[in-house]
Amino acid sequence: RHGIDRALAHSRDGDDATAMEELLEADKLAPEAVRNHPIAHELVGAAVHRSRVVKGPIAAVAERLGIPI
């Protein structure tokens, strides 16, 4: 949960790349918690919405969490 909270803080600051890195790190520690958490899904959705082209860390997190983009 701590990694998700850190990702949320970065996302609120507009730093989607760091937010996605935090989600990836959290997913390595507790994949079942991150992949099923609604805030993680919302963070990816918000990053996709703000991004002109979905690639790099956003695409990696979406793929790892199983979120279609």
# chains A, B, ... in the order shown; residues from 1 in each chain; ligands from 1

call {"tool": "residues_around", "arguments": {"residues": "A:Glu63", "least_positions_apart": "2", "cutoff": "12 Å", "atoms": "only C-alpha atoms", "output": "MDAnalysis selection string"}}
result
chainID A and resid 20 24 27 35 41 44 54:61 65:69

call {"tool": "select_by_dssp", "arguments": {"residues": "chain A", "states": "helix (DSSP H, G or I)", "output": "ChimeraX atom specification"}}
result
/A:2-12,16-29,31-35,38-50,56-65

call {"tool": "write_last_selection", "arguments": {"atoms": "N, CA and C atoms", "output": "compact mmCIF listing (two decimals), in the first residue's frame"}}
result
# COMPACT_ATOMS: atom_id res chain seq x y z
N HIS A 2 2.02 1.19 0.65
CA HIS A 2 2.91 2.35 0.72
C HIS A 2 3.36 2.79 -0.68
N GLY A 3 3.70 1.82 -1.52
CA GLY A 3 4.12 2.14 -2.89
C GLY A 3 3.00 2.79 -3.69
N ILE A 4 1.79 2.35 -3.48
CA ILE A 4 0.63 2.94 -4.16
C ILE A 4 0.45 4.38 -3.69
N ASP A 5 0.60 4.61 -2.39
CA ASP A 5 0.49 5.97 -1.86
C ASP A 5 1.58 6.88 -2.41
N ARG A 6 2.79 6.35 -2.52
CA ARG A 6 3.88 7.15 -3.10
C ARG A 6 3.58 7.46 -4.57
N ALA A 7 3.06 6.49 -5.29
CA ALA A 7 2.69 6.71 -6.68
C ALA A 7 1.60 7.77 -6.79
N LEU A 8 0.65 7.71 -5.89
CA LEU A 8 -0.44 8.70 -5.88
C LEU A 8 0.11 10.11 -5.66
N ALA A 9 1.06 10.25 -4.74
CA ALA A 9 1.66 11.55 -4.48
C ALA A 9 2.38 12.08 -5.72
N HIS A 10 3.13 11.22 -6.40
CA HIS A 10 3.82 11.65 -7.62
C HIS A 10 2.83 12.01 -8.72
N SER A 11 1.78 11.24 -8.82
CA SER A 11 0.76 11.51 -9.83
C SER A 11 0.11 12.87 -9.58
N ARG A 12 -0.17 13.17 -8.33
CA ARG A 12 -0.78 14.46 -7.99
C ARG A 12 0.15 15.62 -8.30
N ASP A 16 4.04 11.57 -13.78
CA ASP A 16 3.51 10.24 -14.10
C ASP A 16 4.60 9.19 -14.25
N ALA A 17 5.75 9.58 -14.78
CA ALA A 17 6.83 8.60 -14.98
C ALA A 17 7.29 8.03 -13.63
N THR A 18 7.48 8.88 -12.65
CA THR A 18 7.90 8.41 -11.34
C THR A 18 6.78 7.63 -10.67
N ALA A 19 5.54 8.06 -10.87
CA ALA A 19 4.40 7.34 -10.31
C ALA A 19 4.35 5.91 -10.86
N MET A 20 4.61 5.76 -12.14
CA MET A 20 4.58 4.42 -12.74
C MET A 20 5.75 3.58 -12.22
N GLU A 21 6.90 4.21 -12.01
CA GLU A 21 8.04 3.48 -11.44
C GLU A 21 7.70 2.98 -10.03
N GLU A 22 7.02 3.82 -9.25
CA GLU A 22 6.62 3.41 -7.90
C GLU A 22 5.65 2.22 -7.97
N LEU A 23 4.72 2.26 -8.92
CA LEU A 23 3.78 1.14 -9.06
C LEU A 23 4.50 -0.14 -9.46
N LEU A 24 5.48 -0.03 -10.35
CA LEU A 24 6.23 -1.21 -10.75
C LEU A 24 6.99 -1.80 -9.57
N GLU A 25 7.60 -0.95 -8.76
CA GLU A 25 8.33 -1.43 -7.58
C GLU A 25 7.37 -2.08 -6.59
N ALA A 26 6.23 -1.46 -6.37
CA ALA A 26 5.24 -2.02 -5.45
C ALA A 26 4.73 -3.36 -5.97
N ASP A 27 4.58 -3.47 -7.28
CA ASP A 27 4.09 -4.71 -7.88
C ASP A 27 5.09 -5.84 -7.70
N LYS A 28 6.37 -5.51 -7.69
CA LYS A 28 7.39 -6.54 -7.46
C LYS A 28 7.30 -7.10 -6.03
N LEU A 29 6.94 -6.24 -5.08
CA LEU A 29 6.86 -6.66 -3.68
C LEU A 29 5.55 -7.37 -3.35
N PRO A 31 2.45 -8.19 -5.77
CA PRO A 31 1.68 -8.09 -7.01
C PRO A 31 0.18 -8.23 -6.81
N GLU A 32 -0.25 -9.12 -5.93
CA GLU A 32 -1.69 -9.33 -5.74
C GLU A 32 -2.35 -8.09 -5.16
N ALA A 33 -1.64 -7.35 -4.33
CA ALA A 33 -2.19 -6.15 -3.73
C ALA A 33 -2.28 -5.01 -4.74
N VAL A 34 -1.25 -4.86 -5.56
CA VAL A 34 -1.22 -3.76 -6.52
C VAL A 34 -2.16 -4.02 -7.69
N ARG A 35 -2.14 -5.20 -8.22
CA ARG A 35 -2.94 -5.50 -9.42
C ARG A 35 -4.44 -5.45 -9.16
N PRO A 38 -7.92 -0.57 -6.66
CA PRO A 38 -8.56 0.39 -7.57
C PRO A 38 -7.76 1.67 -7.77
N ILE A 39 -7.01 2.11 -6.77
CA ILE A 39 -6.21 3.32 -6.94
C ILE A 39 -5.11 3.11 -7.97
N ALA A 40 -4.51 1.93 -7.98
CA ALA A 40 -3.48 1.64 -8.99
C ALA A 40 -4.07 1.74 -10.39
N HIS A 41 -5.26 1.20 -10.56
CA HIS A 41 -5.92 1.27 -11.86
C HIS A 41 -6.26 2.72 -12.23
N GLU A 42 -6.70 3.49 -11.25
CA GLU A 42 -7.02 4.90 -11.50
C GLU A 42 -5.77 5.69 -11.88
N LEU A 43 -4.65 5.39 -11.24
CA LEU A 43 -3.40 6.09 -11.56
C LEU A 43 -2.97 5.83 -12.99
N VAL A 44 -3.08 4.59 -13.41
CA VAL A 44 -2.71 4.26 -14.79
C VAL A 44 -3.67 4.97 -15.76
N GLY A 45 -4.95 4.93 -15.45
CA GLY A 45 -5.94 5.60 -16.31
C GLY A 45 -5.69 7.10 -16.42
N ALA A 46 -5.35 7.73 -15.30
CA ALA A 46 -5.06 9.17 -15.31
C ALA A 46 -3.80 9.46 -16.12
N ALA A 47 -2.79 8.62 -15.98
CA ALA A 47 -1.55 8.81 -16.74
C ALA A 47 -1.81 8.65 -18.23
N VAL A 48 -2.60 7.66 -18.59
CA VAL A 48 -2.95 7.46 -20.00
C VAL A 48 -3.70 8.68 -20.53
N HIS A 49 -4.62 9.19 -19.74
CA HIS A 49 -5.42 10.34 -20.15
C HIS A 49 -4.55 11.58 -20.37
N ARG A 50 -3.55 11.78 -19.52
CA ARG A 50 -2.69 12.96 -19.63
C ARG A 50 -1.61 12.81 -20.69
N GLY A 56 6.55 3.71 -22.88
CA GLY A 56 7.46 3.71 -21.75
C GLY A 56 6.85 3.16 -20.48
N PRO A 57 7.04 3.89 -19.38
CA PRO A 57 6.61 3.35 -18.09
C PRO A 57 5.10 3.17 -17.98
N ILE A 58 4.34 4.03 -18.61
CA ILE A 58 2.87 3.91 -18.53
C ILE A 58 2.42 2.62 -19.19
N ALA A 59 2.93 2.35 -20.38
CA ALA A 59 2.57 1.12 -21.08
C ALA A 59 3.05 -0.10 -20.32
N ALA A 60 4.23 -0.02 -19.71
CA ALA A 60 4.78 -1.16 -18.96
C ALA A 60 3.90 -1.49 -17.76
N VAL A 61 3.47 -0.45 -17.04
CA VAL A 61 2.62 -0.70 -15.87
C VAL A 61 1.25 -1.23 -16.30
N ALA A 62 0.69 -0.64 -17.33
CA ALA A 62 -0.61 -1.11 -17.80
C ALA A 62 -0.55 -2.58 -18.19
N GLU A 63 0.50 -2.95 -18.90
CA GLU A 63 0.65 -4.36 -19.31
C GLU A 63 0.84 -5.27 -18.09
N ARG A 64 1.69 -4.85 -17.18
CA ARG A 64 1.97 -5.69 -16.00
C ARG A 64 0.75 -5.87 -15.10
N LEU A 65 -0.07 -4.81 -14.99
CA LEU A 65 -1.27 -4.88 -14.15
C LEU A 65 -2.48 -5.46 -14.90
